[in-house]
Amino acid sequence: MAILNFGSLCIDNVYRVPHFVRPGETLPSTDYQVFAGGKGFNQSLAIARAGTPVVHAGAYGAGGEWLVDMLRADNVDVAHLHRAGVPTGHAVIQVAEDGGNAIVLFPGANRAITREHIDSTLAGFGAGDILLLQNEISHPGYLIEQGAARGLRIVMNPAPMDTVVKALPLHLLHMLVVNEVEAEDLTGRQYVDEMVQVLGERYPDTISVVTLGAGGAVWLSPAECFHVPAHKVDVVDTTGAGDTFTGYLLASLEQGMAPEAAMRRATAAAALCVSRAGAADSVPRAGEVTVASHAR
Ligand code: RIB
């Protein structure tokens, strides 16, 4: 079965700061680097580096060719990437001393994706294939509806969370991957067990995965509910950890791993990601994750 990731590509401008800039404050950064990123891009790279073929569809603009080259270099199929007449999406990312981040996103070409582009791409996929989505491109609702109508299994990481997400037909998803903040926003609950319960009641046919950062992650499907712990690591930069987790989880399940083993592998991959700087650049390769898993 094929995995189609219809997702964003971004140029990440990353500034190291002593703390997140406050309103009215001018804050010198201690370091500046440019990385490849975008939730969609990071997730495609994670799937490919985990050893599963993936097709990345989306849009980039002027100055974004190196992102496409980077996907190609990791054997991601870029046949459905279009060049748009607007700039490539970019992010301004502050990374604080504890590795936490604050992100301002300029969508650019990611929001220039048309329904025609979506239709022509989906025409090449069918029942049983996976359609992976985030919330950084245009027409997420149309993608879910059209994907479901074709019998695709839709996996969504609805990040960044906004009012659009709450209006999406999330009941059509095969799998929903959210972090704790997104789960709280979606369910209106503060405690993880209550969030998980509400997700199960609201989307009974959907697998819900809630990532908890240093607290690990929870899996809820109609068949089982369990928690896996996170690895303890020195945090350098948390950017892209959720994307690494999502990509590795999906790739591992597609490789036939049982849910718990796939969740443990995804957690190990995310731990490696946070121990390095950058988003896409910090997504580990499969061999490294095996070592990390054994090191627990
Ligand atoms: O999830 C991390 C990503 O979010 C960054 O790479 C940035 O581009 C934003 O989209």
# chains A, B, ... in the order shown; residues from 1 in each chain; ligands from 1
call {"tool": "select_by_dssp", "arguments": {"residues": "stretch 23-219 of chain A", "states": "strand (DSSP E or B)", "output": "VMD selection string"}}
result
chain A and resid 31 to 37 55 to 60 77 81 to 83 89 to 95 101 to 106 130 to 133 153 to 156 175 to 179 207 to 211 217 to 219
call {"tool": "write_last_selection", "arguments": {"atoms": "N, CA and C atoms", "output": "compact mmCIF listing (two decimals), in the first residue's frame"}}
result
# COMPACT_ATOMS: atom_id res chain seq x y z
N ASP A 31 22.51 32.65 18.15
CA ASP A 31 22.90 31.84 16.99
C ASP A 31 21.76 31.90 15.98
N TYR A 32 22.11 31.72 14.70
CA TYR A 32 21.10 31.71 13.64
C TYR A 32 21.48 30.65 12.62
N GLN A 33 20.52 29.77 12.29
CA GLN A 33 20.78 28.77 11.25
C GLN A 33 19.54 28.59 10.39
N VAL A 34 19.76 28.18 9.17
CA VAL A 34 18.65 27.90 8.26
C VAL A 34 18.57 26.39 8.07
N PHE A 35 17.37 25.84 8.30
CA PHE A 35 17.16 24.40 8.15
C PHE A 35 15.98 24.15 7.22
N ALA A 36 15.90 22.94 6.71
CA ALA A 36 14.70 22.49 5.99
C ALA A 36 13.64 22.13 7.01
N GLY A 37 12.38 22.37 6.69
CA GLY A 37 11.32 22.04 7.63
C GLY A 37 9.95 22.06 6.99
N VAL A 55 5.28 9.18 -1.08
CA VAL A 55 5.11 10.20 -2.12
C VAL A 55 4.77 11.50 -1.41
N HIS A 56 5.53 12.55 -1.68
CA HIS A 56 5.21 13.85 -1.06
C HIS A 56 4.60 14.77 -2.10
N ALA A 57 3.34 15.16 -1.88
CA ALA A 57 2.68 16.13 -2.77
C ALA A 57 2.57 17.46 -2.03
N GLY A 58 2.69 18.55 -2.78
CA GLY A 58 2.59 19.87 -2.16
C GLY A 58 3.10 20.92 -3.11
N ALA A 59 3.43 22.09 -2.57
CA ALA A 59 3.87 23.18 -3.43
C ALA A 59 5.01 23.96 -2.78
N TYR A 60 5.91 24.40 -3.63
CA TYR A 60 7.02 25.27 -3.19
C TYR A 60 7.10 26.42 -4.19
N ASP A 77 9.38 10.34 -3.32
CA ASP A 77 8.84 10.57 -4.66
C ASP A 77 8.25 11.99 -4.70
N LEU A 81 4.90 17.23 -6.56
CA LEU A 81 5.24 18.55 -6.01
C LEU A 81 5.14 19.57 -7.12
N HIS A 82 4.39 20.64 -6.92
CA HIS A 82 4.22 21.67 -7.94
C HIS A 82 4.99 22.92 -7.54
N ARG A 83 5.48 23.63 -8.55
CA ARG A 83 6.11 24.93 -8.30
C ARG A 83 5.04 26.00 -8.44
N GLY A 89 7.03 28.55 1.54
CA GLY A 89 6.68 28.82 2.94
C GLY A 89 7.93 28.90 3.80
N HIS A 90 7.85 29.73 4.84
CA HIS A 90 8.99 29.75 5.76
C HIS A 90 8.52 29.92 7.20
N ALA A 91 9.43 29.60 8.10
CA ALA A 91 9.11 29.73 9.53
C ALA A 91 10.20 30.52 10.21
N VAL A 92 9.78 31.31 11.20
CA VAL A 92 10.73 32.01 12.08
C VAL A 92 10.62 31.29 13.43
N ILE A 93 11.69 30.63 13.81
CA ILE A 93 11.62 29.76 15.00
C ILE A 93 12.59 30.25 16.07
N GLN A 94 12.06 30.51 17.25
CA GLN A 94 12.93 30.79 18.39
C GLN A 94 13.12 29.49 19.15
N VAL A 95 14.37 29.16 19.43
CA VAL A 95 14.64 27.99 20.27
C VAL A 95 15.30 28.50 21.55
N ASN A 101 10.44 25.57 21.68
CA ASN A 101 10.41 26.49 20.55
C ASN A 101 9.13 27.32 20.50
N ALA A 102 9.20 28.42 19.76
CA ALA A 102 8.03 29.25 19.45
C ALA A 102 8.15 29.56 17.96
N ILE A 103 7.08 29.31 17.21
CA ILE A 103 7.17 29.35 15.74
C ILE A 103 6.17 30.32 15.14
N VAL A 104 6.66 31.18 14.24
CA VAL A 104 5.78 32.02 13.41
C VAL A 104 5.88 31.45 11.99
N LEU A 105 4.73 31.16 11.40
CA LEU A 105 4.72 30.49 10.11
C LEU A 105 4.21 31.41 9.01
N PHE A 106 4.95 31.48 7.90
CA PHE A 106 4.45 32.15 6.70
C PHE A 106 4.11 31.04 5.71
N ILE A 130 -2.60 5.08 2.02
CA ILE A 130 -2.67 6.04 3.14
C ILE A 130 -2.51 7.47 2.62
N LEU A 131 -3.35 8.35 3.12
CA LEU A 131 -3.20 9.79 2.85
C LEU A 131 -2.86 10.45 4.17
N LEU A 132 -1.64 10.99 4.25
CA LEU A 132 -1.17 11.65 5.47
C LEU A 132 -1.33 13.16 5.33
N LEU A 133 -1.90 13.79 6.34
CA LEU A 133 -2.15 15.24 6.29
C LEU A 133 -1.72 15.93 7.58
N ARG A 153 -7.03 5.47 3.50
CA ARG A 153 -7.01 5.53 4.97
C ARG A 153 -6.32 6.85 5.33
N ILE A 154 -7.05 7.73 6.00
CA ILE A 154 -6.50 9.07 6.22
C ILE A 154 -5.92 9.19 7.63
N VAL A 155 -4.67 9.60 7.66
CA VAL A 155 -3.97 9.82 8.92
C VAL A 155 -3.73 11.32 9.01
N MET A 156 -4.16 11.94 10.11
CA MET A 156 -3.97 13.38 10.22
C MET A 156 -3.31 13.78 11.53
N MET A 175 -6.62 7.49 11.46
CA MET A 175 -5.79 7.74 12.63
C MET A 175 -5.62 9.24 12.85
N LEU A 176 -5.71 9.63 14.11
CA LEU A 176 -5.51 11.03 14.51
C LEU A 176 -4.30 11.07 15.43
N VAL A 177 -3.31 11.91 15.09
CA VAL A 177 -2.13 12.03 15.95
C VAL A 177 -2.07 13.46 16.48
N VAL A 178 -2.19 13.63 17.79
CA VAL A 178 -2.19 14.97 18.38
C VAL A 178 -1.23 15.02 19.57
N ASN A 179 -0.71 16.21 19.85
CA ASN A 179 0.04 16.35 21.09
C ASN A 179 -0.93 16.74 22.20
N ILE A 207 -8.24 5.46 15.20
CA ILE A 207 -7.14 5.25 16.14
C ILE A 207 -6.69 6.63 16.58
N SER A 208 -6.64 6.88 17.89
CA SER A 208 -6.16 8.17 18.39
C SER A 208 -4.82 7.97 19.07
N VAL A 209 -3.85 8.80 18.71
CA VAL A 209 -2.54 8.75 19.36
C VAL A 209 -2.28 10.12 19.95
N VAL A 210 -1.99 10.15 21.26
CA VAL A 210 -1.70 11.42 21.93
C VAL A 210 -0.24 11.39 22.38
N THR A 211 0.56 12.34 21.86
CA THR A 211 1.96 12.40 22.27
C THR A 211 2.09 13.37 23.44
N ALA A 217 3.74 8.55 25.08
CA ALA A 217 2.61 8.66 24.15
C ALA A 217 1.56 7.59 24.47
N VAL A 218 0.31 7.90 24.12
CA VAL A 218 -0.81 6.98 24.37
C VAL A 218 -1.43 6.57 23.05
N TRP A 219 -1.74 5.29 22.90
CA TRP A 219 -2.42 4.73 21.72
C TRP A 219 -3.81 4.30 22.14
call {"tool": "residues_near_ligand", "arguments": {"ligand": "ligand 1", "cutoff": "6 Å", "atoms": "only C-alpha atoms and all ligand atoms", "output": "PyMOL selection string"}}
result
chain A and resi 10+12+37-39+91+239-240+243+279
call {"tool": "closest_residue", "arguments": {"among": "A:His80, A:Arg202, A:Arg276, A:Arg49", "to": "A:Val235", "atoms": "only C-alpha atoms"}}
result
A:Arg276
call {"tool": "closest_residue", "arguments": {"among": "A:Gly287, A:Val76, A:His19, A:Arg265", "to": "A:Ala48", "atoms": "only C-alpha atoms"}}
result
A:Val76
call {"tool": "closest_residue", "arguments": {"among": "A:Asp237, A:Glu116, A:Glu288, A:Glu182", "to": "A:Val14", "atoms": "only C-alpha atoms"}}
result
A:Asp237
call {"tool": "select_by_dssp", "arguments": {"residues": "stretch 15-69 of chain A", "states": "helix (DSSP H, G or I)", "output": "PDB file with N, CA and C atoms, in the first residue's frame"}}
result
ATOM      1  N   LYS A  39       5.972  20.777   8.590  1.00  0.00           N
ATOM      2  CA  LYS A  39       5.540  19.516   9.212  1.00  0.00           C
ATOM      3  C   LYS A  39       5.432  18.397   8.184  1.00  0.00           C
ATOM      4  N   GLY A  40       4.894  18.729   7.001  1.00  0.00           N
ATOM      5  CA  GLY A  40       4.753  17.712   5.957  1.00  0.00           C
ATOM      6  C   GLY A  40       6.109  17.198   5.516  1.00  0.00           C
ATOM      7  N   PHE A  41       7.018  18.113   5.242  1.00  0.00           N
ATOM      8  CA  PHE A  41       8.370  17.761   4.799  1.00  0.00           C
ATOM      9  C   PHE A  41       9.042  16.853   5.827  1.00  0.00           C
ATOM     10  N   ASN A  42       8.997  17.273   7.095  1.00  0.00           N
ATOM     11  CA  ASN A  42       9.659  16.494   8.151  1.00  0.00           C
ATOM     12  C   ASN A  42       9.071  15.086   8.238  1.00  0.00           C
ATOM     13  N   GLN A  43       7.760  14.997   8.088  1.00  0.00           N
ATOM     14  CA  GLN A  43       7.106  13.681   8.215  1.00  0.00           C
ATOM     15  C   GLN A  43       7.446  12.783   7.033  1.00  0.00           C
ATOM     16  N   SER A  44       7.534  13.359   5.830  1.00  0.00           N
ATOM     17  CA  SER A  44       7.938  12.539   4.677  1.00  0.00           C
ATOM     18  C   SER A  44       9.350  12.011   4.861  1.00  0.00           C
ATOM     19  N   LEU A  45      10.228  12.889   5.333  1.00  0.00           N
ATOM     20  CA  LEU A  45      11.611  12.475   5.536  1.00  0.00           C
ATOM     21  C   LEU A  45      11.685  11.367   6.594  1.00  0.00           C
ATOM     22  N   ALA A  46      10.883  11.502   7.643  1.00  0.00           N
ATOM     23  CA  ALA A  46      10.888  10.481   8.703  1.00  0.00           C
ATOM     24  C   ALA A  46      10.401   9.135   8.165  1.00  0.00           C
ATOM     25  N   ILE A  47       9.365   9.161   7.337  1.00  0.00           N
ATOM     26  CA  ILE A  47       8.846   7.910   6.762  1.00  0.00           C
ATOM     27  C   ILE A  47       9.936   7.268   5.902  1.00  0.00           C
ATOM     28  N   ALA A  48      10.554   8.094   5.054  1.00  0.00           N
ATOM     29  CA  ALA A  48      11.581   7.567   4.145  1.00  0.00           C
ATOM     30  C   ALA A  48      12.786   7.048   4.929  1.00  0.00           C
ATOM     31  N   ARG A  49      13.217   7.793   5.933  1.00  0.00           N
ATOM     32  CA  ARG A  49      14.395   7.374   6.709  1.00  0.00           C
ATOM     33  C   ARG A  49      14.099   6.145   7.561  1.00  0.00           C
ATOM     34  N   GLU A  65      13.877  25.153  -4.228  1.00  0.00           N
ATOM     35  CA  GLU A  65      14.350  23.975  -4.974  1.00  0.00           C
ATOM     36  C   GLU A  65      15.204  23.053  -4.109  1.00  0.00           C
ATOM     37  N   TRP A  66      15.988  23.635  -3.187  1.00  0.00           N
ATOM     38  CA  TRP A  66      16.867  22.786  -2.371  1.00  0.00           C
ATOM     39  C   TRP A  66      16.074  21.856  -1.453  1.00  0.00           C
ATOM     40  N   LEU A  67      14.854  22.271  -1.109  1.00  0.00           N
ATOM     41  CA  LEU A  67      14.014  21.381  -0.293  1.00  0.00           C
ATOM     42  C   LEU A  67      13.605  20.155  -1.109  1.00  0.00           C
ATOM     43  N   VAL A  68      13.268  20.399  -2.372  1.00  0.00           N
ATOM     44  CA  VAL A  68      12.879  19.286  -3.252  1.00  0.00           C
ATOM     45  C   VAL A  68      14.076  18.351  -3.450  1.00  0.00           C
ATOM     46  N   ASP A  69      15.253  18.933  -3.633  1.00  0.00           N
ATOM     47  CA  ASP A  69      16.465  18.107  -3.794  1.00  0.00           C
ATOM     48  C   ASP A  69      16.706  17.248  -2.557  1.00  0.00           C
TER      49      ASP A  69
END
call {"tool": "atom_distance", "arguments": {"atom1": "atom CA of A:Ala271", "atom2": "atom CA of A:Thr206"}}
result
26.0 Å
call {"tool": "residues_around", "arguments": {"residues": "A:Leu199", "least_positions_apart": "3", "cutoff": "9 Å", "atoms": "only C-alpha atoms", "output": "PDB file with N, CA and C atoms, in the first residue's frame"}}
result
ATOM      1  N   ALA A 183      -4.743  17.975  21.892  1.00  0.00           N
ATOM      2  CA  ALA A 183      -5.795  17.106  22.442  1.00  0.00           C
ATOM      3  C   ALA A 183      -6.663  17.892  23.421  1.00  0.00           C
ATOM      4  N   LEU A 186      -8.919  20.125  21.400  1.00  0.00           N
ATOM      5  CA  LEU A 186      -9.977  19.378  20.696  1.00  0.00           C
ATOM      6  C   LEU A 186     -11.054  18.877  21.651  1.00  0.00           C
ATOM      7  N   THR A 187     -10.635  18.447  22.844  1.00  0.00           N
ATOM      8  CA  THR A 187     -11.579  17.775  23.742  1.00  0.00           C
ATOM      9  C   THR A 187     -12.119  18.673  24.841  1.00  0.00           C
ATOM     10  N   GLU A 194      -8.806  11.743  30.523  1.00  0.00           N
ATOM     11  CA  GLU A 194     -10.103  12.276  30.073  1.00  0.00           C
ATOM     12  C   GLU A 194     -10.060  12.649  28.584  1.00  0.00           C
ATOM     13  N   MET A 195      -8.912  13.205  28.151  1.00  0.00           N
ATOM     14  CA  MET A 195      -8.774  13.540  26.709  1.00  0.00           C
ATOM     15  C   MET A 195      -8.944  12.267  25.875  1.00  0.00           C
ATOM     16  N   VAL A 196      -8.255  11.224  26.304  1.00  0.00           N
ATOM     17  CA  VAL A 196      -8.281   9.968  25.557  1.00  0.00           C
ATOM     18  C   VAL A 196      -9.698   9.394  25.535  1.00  0.00           C
ATOM     19  N   ARG A 202     -15.796  10.244  20.817  1.00  0.00           N
ATOM     20  CA  ARG A 202     -16.155  11.086  19.673  1.00  0.00           C
ATOM     21  C   ARG A 202     -15.805  10.438  18.332  1.00  0.00           C
ATOM     22  N   TYR A 203     -14.685   9.717  18.315  1.00  0.00           N
ATOM     23  CA  TYR A 203     -14.231   9.085  17.058  1.00  0.00           C
ATOM     24  C   TYR A 203     -14.022   7.583  17.298  1.00  0.00           C
ATOM     25  N   PRO A 204     -15.107   6.841  17.492  1.00  0.00           N
ATOM     26  CA  PRO A 204     -14.969   5.433  17.903  1.00  0.00           C
ATOM     27  C   PRO A 204     -14.283   4.537  16.866  1.00  0.00           C
ATOM     28  N   THR A 206     -11.800   5.536  14.912  1.00  0.00           N
ATOM     29  CA  THR A 206     -10.487   6.125  14.595  1.00  0.00           C
ATOM     30  C   THR A 206      -9.460   5.717  15.641  1.00  0.00           C
ATOM     31  N   SER A 208      -6.644   6.882  17.886  1.00  0.00           N
ATOM     32  CA  SER A 208      -6.162   8.172  18.388  1.00  0.00           C
ATOM     33  C   SER A 208      -4.820   7.966  19.069  1.00  0.00           C
ATOM     34  N   LEU A 220      -4.810   4.683  21.392  1.00  0.00           N
ATOM     35  CA  LEU A 220      -6.177   4.215  21.646  1.00  0.00           C
ATOM     36  C   LEU A 220      -6.787   3.772  20.331  1.00  0.00           C
TER      37      LEU A 220
END
